[in-house]
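Chemist: Can you read through this structure? Questions will come right after.
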Amino acid sequence: MKKLSLAFTVTALSCMMLSSCKKADQVVRNTSNELADIFATLEGSGKDRLFEPRFSANKDTIYFDIPYFYPVNSDNEVSLSKVILRSTVPSDAMVTPALGSVQDVSKPFKLTITPGSGDARSYIVVSRKVGDLSITNAQIEYNPGAGVQQVEAVIKDSDVLFYILPGTDVSNVKFNINISKHSTSSIGNGTSINLSQNLPLVITGVDGSKKTYTLKATEPVKLDYGVGINRRLWTKTASELGFTSNNETSLAITGDYMVTVVRTNPSVYKVYNRFTGAYVKDLPLPFSALSFQVVHDAGGNLLGTTYAAKNGKFQLYKWSNINATPVKVIDWTNNNPAGITGDGGVGRRVNVYGDLNTNAVIMSPGGQSSVIYKWRIANGVLVSNTPEVITYKSVTGGAASFMGYNADAQPTSADANTNYFINYQFEIGLVNGVTHERMYGFNNSTTVFGIFHFATDYVEFNNAKYLAVQKFVKTYSYNNAVLGLFDVTENSKISLAPTDPRYSTFNIYNSEEFIGANANANGTGDICIAFSADKERMQVYMLLTNGGIMAHEFTKYTP
């Protein structure tokens, strides 16, 4: 046992001696002399990267262009004697002179990177104060006959781009620009310019440096689907339009004109320029009766209607333009064929789809009922003066058997069994034109359609289908209205909740609140959609009783 112990001890001692004689691993020095990163900042700004470098083509000179003032629109002039440079170099390299503290960079100096092993590398650092030659934003204003329009520029490198819709005259527009207060522009604010051709714009900095930009009016990209650029055409109050208390109930478009109804008895139709809201004239009427509703068809025909209480006359006249002789299309006595026990009046709301010169469907609900009266035009001829009587089978809400006085039934095609949108105080829904049962309903949320909703219009534009809705919000005085536009191309989106991430692709636009001066006791108003002559633009008009009219335009274009 002792021998084994001795042998073990000797062996262990030998191992220890061998171990103590082993040399340490050699440290390999870094031969890299590359400057991985460098930036400049100012005293008091910590490690913020305020100013980035520029390198010469052969990477031996580093330039810093430091603004005369920082922040650039302040009066705080930068001192090049109080600049901090920070760098990133290999781990065992030395930087000469040392960086990271305040130093004077007003004169060029040599910056040397010395690696742990190998050759040093030197750079020349050159710093200068420069004026700010950037453009914060630019804008033009012009008047295309629809009120003053403003277009914000998109600035790309040296191009100042104004996306202008085709056919717009930009030969005399007012130019405005926002630049540093220490710089000057060769074209001053408020200057009238001709943008029918490209224009140079020179910005001069406080140091005398200059940069030339090019002002360009360019057409935007045309979308394959839906709406893009949109703008407010105009807004006019009830007083500006000459409205009378609680009397203006509907509006329609024909050509360049807008027609409103004053529901006195006999009623009056007033004509305005639809691009400016300027009053033109009163339209002579072929009837002396009460009218609530005027509409237009897809052909631009104006359709005026009379209101028919039970046993009263429902008449519909067609004008091809505001100077045309009206033609009687429907002359029907409301003999209450459905046996409505409530009001049963026809003509408070009338909706149309199609062109009365070719094919169209006209719908008007009976007051305080679930009944809708429908007329069809086929090949330019009224199919029957006696309407088809429809009973909507999915009435919901507090009124189990009727849809109130002012329900909307908006057809979605000129087919005999067209589907249609229903809109009354308790729902907005898409209805099957054969079964007359609701297929899809709007989510029952005030976010979707307000505390109350009234008028609707439906069109197809740029391969999409749109439903415009007048929403009343916040107050049951019904004098706060919002114009909402819904993309109803995909039926599956119609019931989307406002919390659904896809909701913004359904409710694509909501205007700001349009507020009437007085309470809108009957909760009335109207909404209609028209198009430019070239069909490239869609205008949506909303009338708020006691409030006025708002006009908004949507286009097929995107920047």
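Ligands are numbered from 1 in the order shown, chains are lettered A, B, ... in the order of the structure tokens, and residues start at 1 in each chain.
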Can you pull out every residue within 7 Å of Lys82 (chain A), counting only C-alpha atoms, but drop anything in the same chain fewer than 3 positions away, and send it as a tab-separated table (two decimals) with all heavy atoms, in the first residue's frame?

Modeler:
chain	number	residue	atom	x	y	z
A	42	LEU	N	-23.60	67.54	-29.94
A	42	LEU	CA	-23.27	68.81	-29.30
A	42	LEU	C	-23.24	68.66	-27.79
A	42	LEU	O	-23.85	67.75	-27.23
A	42	LEU	CB	-24.29	69.88	-29.68
A	42	LEU	CG	-24.38	70.25	-31.17
A	42	LEU	CD1	-25.52	71.24	-31.40
A	42	LEU	CD2	-23.06	70.83	-31.67
A	43	GLU	N	-22.55	69.56	-27.16
A	43	GLU	CA	-22.48	69.56	-25.70
A	43	GLU	C	-23.89	69.62	-25.14
A	43	GLU	O	-24.71	70.44	-25.55
A	43	GLU	CB	-21.64	70.74	-25.23
A	43	GLU	CG	-21.39	70.75	-23.73
A	43	GLU	CD	-20.51	71.92	-23.31
A	43	GLU	OE1	-20.40	72.88	-24.10
A	43	GLU	OE2	-19.96	71.88	-22.21
A	79	SER	N	-21.65	76.47	-32.31
A	79	SER	CA	-20.22	76.81	-32.26
A	79	SER	C	-19.41	75.57	-32.59
A	79	SER	O	-19.55	74.53	-31.92
A	79	SER	CB	-19.84	77.33	-30.88
A	79	SER	OG	-18.43	77.48	-30.77
A	102	VAL	N	-15.77	67.38	-25.55
A	102	VAL	CA	-15.91	68.60	-26.34
A	102	VAL	C	-14.57	68.96	-26.96
A	102	VAL	O	-13.52	68.95	-26.30
A	102	VAL	CB	-16.42	69.75	-25.46
A	102	VAL	CG1	-16.44	71.06	-26.24
A	102	VAL	CG2	-17.82	69.44	-24.93
A	103	GLN	N	-14.60	69.27	-28.26
A	103	GLN	CA	-13.37	69.68	-28.92
A	103	GLN	C	-13.69	70.72	-30.00
A	103	GLN	O	-14.83	70.89	-30.41
A	103	GLN	CB	-12.65	68.49	-29.54
A	103	GLN	CG	-13.38	67.82	-30.68
A	103	GLN	CD	-12.64	66.60	-31.19
A	103	GLN	OE1	-13.00	65.48	-30.86
A	103	GLN	NE2	-11.60	66.82	-32.00
A	104	ASP	N	-12.66	71.39	-30.45
A	104	ASP	CA	-12.77	72.41	-31.49
A	104	ASP	C	-12.54	71.73	-32.84
A	104	ASP	O	-11.46	71.20	-33.11
A	104	ASP	CB	-11.72	73.49	-31.24
A	104	ASP	CG	-11.88	74.68	-32.19
A	104	ASP	OD1	-12.61	74.54	-33.21
A	104	ASP	OD2	-11.27	75.73	-31.94

Chemist: Could you give me, as an MDAnalysis selection string, the residues within 12 Å of region 528-534 of chain A, counting only C-alpha atoms and dropping anything in the same chain fewer than 6 positions from it?

Modeler: chainID A and resid 165:167 250:260 274:275 293:302 350:353 410 455:462 466:470 483:485 540:543 549:556

Chemist: Could you give me, as a VMD selection string, each residue of region 284-450 of chain A that DSSP assigns to helix (DSSP H, G or I) when run on this structure's backbone?

Modeler: chain A and resid 446 to 449

Chemist: Deliver the residues from the most recent selection as a file, using N, CA and C atoms, as an mmCIF file, in the first residue's frame.

Modeler:
data_model
loop_
_atom_site.group_PDB
_atom_site.id
_atom_site.type_symbol
_atom_site.label_atom_id
_atom_site.label_comp_id
_atom_site.auth_asym_id
_atom_site.auth_seq_id
_atom_site.Cartn_x
_atom_site.Cartn_y
_atom_site.Cartn_z
ATOM 1 N N THR A 446 -73.533 52.501 -32.505
ATOM 2 C CA THR A 446 -73.578 53.924 -32.838
ATOM 3 C C THR A 446 -72.310 54.358 -33.561
ATOM 4 N N THR A 447 -71.212 53.633 -33.357
ATOM 5 C CA THR A 447 -69.982 53.944 -34.090
ATOM 6 C C THR A 447 -70.179 53.726 -35.578
ATOM 7 N N VAL A 448 -71.002 52.738 -35.931
ATOM 8 C CA VAL A 448 -71.216 52.395 -37.331
ATOM 9 C C VAL A 448 -72.183 53.360 -37.985
ATOM 10 N N PHE A 449 -73.382 53.551 -37.389
ATOM 11 C CA PHE A 449 -74.359 54.390 -38.075
ATOM 12 C C PHE A 449 -75.001 55.466 -37.194
#

Chemist: If we count only C-alpha atoms and set the cut-off at 9 Å, which residues sit around region 106-121 of chain A, ignoring sequence neighbours fewer than 6 positions away in its own chain? Please answer as a VMD selection string.

Modeler: chain A and resid 28 to 35 60 79 to 81 89 to 98 127 to 129

Chemist: For the residues in that selection, give me N, CA and C atoms as a short mmCIF file (atom, residue, chain, number, x, y, z; two decimals), in the first residue's frame.

Modeler:
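Listed below is the output, again00.cif:
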data_model
loop_
_atom_site.label_atom_id
_atom_site.label_comp_id
_atom_site.auth_asym_id
_atom_site.auth_seq_id
_atom_site.Cartn_x
_atom_site.Cartn_y
_atom_site.Cartn_z
N VAL A 28 -3.25 37.41 -29.44
CA VAL A 28 -3.13 37.84 -30.83
C VAL A 28 -3.66 39.26 -30.96
N ARG A 29 -2.84 40.18 -31.37
CA ARG A 29 -3.24 41.58 -31.49
C ARG A 29 -4.05 41.79 -32.77
N ASN A 30 -5.02 42.72 -32.68
CA ASN A 30 -5.89 43.03 -33.82
C ASN A 30 -5.14 43.90 -34.81
N THR A 31 -5.18 43.50 -36.07
CA THR A 31 -4.48 44.28 -37.10
C THR A 31 -5.40 45.26 -37.81
N SER A 32 -6.71 45.27 -37.46
CA SER A 32 -7.66 46.13 -38.17
C SER A 32 -7.50 47.58 -37.75
N ASN A 33 -7.50 48.44 -38.77
CA ASN A 33 -7.41 49.88 -38.51
C ASN A 33 -8.63 50.62 -39.08
N GLU A 34 -9.74 49.88 -39.22
CA GLU A 34 -10.95 50.44 -39.81
C GLU A 34 -11.71 51.28 -38.78
N LEU A 35 -12.28 52.38 -39.27
CA LEU A 35 -13.18 53.21 -38.47
C LEU A 35 -14.58 52.70 -38.73
N ASP A 60 -10.66 58.71 -47.35
CA ASP A 60 -9.61 59.25 -46.49
C ASP A 60 -9.97 60.58 -45.85
N SER A 79 -21.65 76.47 -32.31
CA SER A 79 -20.22 76.81 -32.26
C SER A 79 -19.41 75.57 -32.59
N LEU A 80 -18.58 75.64 -33.62
CA LEU A 80 -17.74 74.48 -34.00
C LEU A 80 -16.65 74.21 -32.96
N SER A 81 -16.49 75.08 -31.98
CA SER A 81 -15.51 74.84 -30.91
C SER A 81 -16.08 74.00 -29.79
N VAL A 89 -14.24 51.79 -32.98
CA VAL A 89 -13.01 51.26 -33.60
C VAL A 89 -12.75 49.86 -33.04
N PRO A 90 -11.81 49.11 -33.61
CA PRO A 90 -11.48 47.78 -33.07
C PRO A 90 -11.11 47.86 -31.59
N SER A 91 -11.32 46.74 -30.89
CA SER A 91 -11.27 46.74 -29.42
C SER A 91 -9.92 47.17 -28.85
N ASP A 92 -8.81 46.86 -29.52
CA ASP A 92 -7.52 47.22 -28.92
C ASP A 92 -6.82 48.33 -29.70
N ALA A 93 -7.60 49.07 -30.50
CA ALA A 93 -7.03 50.17 -31.27
C ALA A 93 -7.05 51.45 -30.45
N MET A 94 -6.17 52.36 -30.81
CA MET A 94 -6.10 53.66 -30.17
C MET A 94 -6.51 54.73 -31.16
N VAL A 95 -7.25 55.74 -30.69
CA VAL A 95 -7.70 56.84 -31.53
C VAL A 95 -6.96 58.10 -31.09
N THR A 96 -6.37 58.79 -32.07
CA THR A 96 -5.62 60.02 -31.77
C THR A 96 -6.08 61.12 -32.72
N PRO A 97 -6.52 62.26 -32.20
CA PRO A 97 -6.69 62.57 -30.78
C PRO A 97 -7.89 61.82 -30.21
N ALA A 98 -7.95 61.73 -28.90
CA ALA A 98 -9.05 61.03 -28.25
C ALA A 98 -10.37 61.75 -28.53
N SER A 127 -15.01 69.88 -40.81
CA SER A 127 -16.34 70.29 -40.36
C SER A 127 -16.64 71.70 -40.82
N ARG A 128 -17.90 71.94 -41.17
CA ARG A 128 -18.30 73.27 -41.59
C ARG A 128 -19.76 73.51 -41.18
N LYS A 129 -20.07 74.78 -41.01
CA LYS A 129 -21.46 75.15 -40.73
C LYS A 129 -22.16 75.45 -42.06
#

Chemist: Nearest to Tyr420 (chain A) among A:Met439, A:Leu241, A:Ile527, A:Ile155, with distances taken over only C-alpha atoms: which residue is it?

Modeler: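 Smallest distance to Tyr420 (chain A) is found for A:Met439.
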
Chemist: What are the nearest atom pairs, with distances in Å to one decimal, for all residues of region 144-169 of chain A that come at most 12 Å from region 175-199 of chain A, using only C-alpha atoms, set out by chain and rising residue number as JSON lines?

Modeler:
{"residue": "A:Gln150", "atom": "CA", "partner": "A:Phe175", "partner_atom": "CA", "distance": 9.9}
{"residue": "A:Val151", "atom": "CA", "partner": "A:Phe175", "partner_atom": "CA", "distance": 10.0}
{"residue": "A:Glu152", "atom": "CA", "partner": "A:Asn176", "partner_atom": "CA", "distance": 9.6}
{"residue": "A:Ala153", "atom": "CA", "partner": "A:Ile177", "partner_atom": "CA", "distance": 9.5}
{"residue": "A:Ile155", "atom": "CA", "partner": "A:Ile177", "partner_atom": "CA", "distance": 11.7}
{"residue": "A:Ser158", "atom": "CA", "partner": "A:Leu199", "partner_atom": "CA", "distance": 11.9}
{"residue": "A:Asp159", "atom": "CA", "partner": "A:Asn198", "partner_atom": "CA", "distance": 9.9}
{"residue": "A:Val160", "atom": "CA", "partner": "A:Leu199", "partner_atom": "CA", "distance": 9.7}
{"residue": "A:Leu161", "atom": "CA", "partner": "A:Asn198", "partner_atom": "CA", "distance": 9.9}
{"residue": "A:Phe162", "atom": "CA", "partner": "A:Leu195", "partner_atom": "CA", "distance": 9.2}
{"residue": "A:Tyr163", "atom": "CA", "partner": "A:Leu195", "partner_atom": "CA", "distance": 11.4}
{"residue": "A:Ile164", "atom": "CA", "partner": "A:Leu195", "partner_atom": "CA", "distance": 10.3}
{"residue": "A:Pro166", "atom": "CA", "partner": "A:Ser196", "partner_atom": "CA", "distance": 11.8}
{"residue": "A:Gly167", "atom": "CA", "partner": "A:Ser196", "partner_atom": "CA", "distance": 11.1}
{"residue": "A:Thr168", "atom": "CA", "partner": "A:Ser196", "partner_atom": "CA", "distance": 9.7}
{"residue": "A:Asp169", "atom": "CA", "partner": "A:Ser196", "partner_atom": "CA", "distance": 7.8}

Chemist: From the set A:Val389, A:Met538, A:Ile494, A:Val126, which residue has the shortest atom-to-atom contact distance to Leu233 (chain A), counting only C-alpha atoms?

Modeler: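 Residue with the minimum atom-to-atom distance to Leu233 (chain A): A:Met538.
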
Chemist: As number ranges by chain, please: every residue in region 164-301 of chain A that a backbone DSSP assignment puts in strand (DSSP E).

Modeler: A: 173-179, 184-185, 191-193, 199-204, 210-218, 221-222, 230-237, 248-254, 257-262, 268-273, 279-283, 294-296

Chemist: If we count only C-alpha atoms, what is near region 336-347 of chain A at a cut-off of 6 Å, once residues fewer than 2 positions away on the same chain are taken out, given as a PyMOL selection string?

Modeler: chain A and resi 307-310+334+349-350+366-368

Chemist: One number please: CA of Thr88 (chain A) to CA of Asp65 (chain A), in Å, one decimal.

Modeler: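 Going from CA of Thr88 (chain A) over to CA of Asp65 (chain A) covers 19.9 Å.
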
Chemist: Which residues, written as a list of chain:residue names, have at least one atom at most 7 Å from Phe421 (chain A), with only C-alpha atoms counted and residues fewer than 3 positions away on the same chain left out?

Modeler: A:Ala409, A:Gln410, A:Pro411, A:Ile428, A:Gly429, A:Leu430, A:Val431

Chemist: Mind giving me the straight-line distance from CA of Ser413 (chain A) to CA of Ala360 (chain A) in Å, one decimal?

Modeler: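 CA of Ala360 (chain A) lies 7.7 Å from CA of Ser413 (chain A).
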
Chemist: Which residue is closest to Glu219 (chain A)? Choose from A:Thr435, A:Leu285, A:Gly548, A:Thr558 and count only C-alpha atoms.

Modeler: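 The closest residue to Glu219 (chain A) is A:Thr558.
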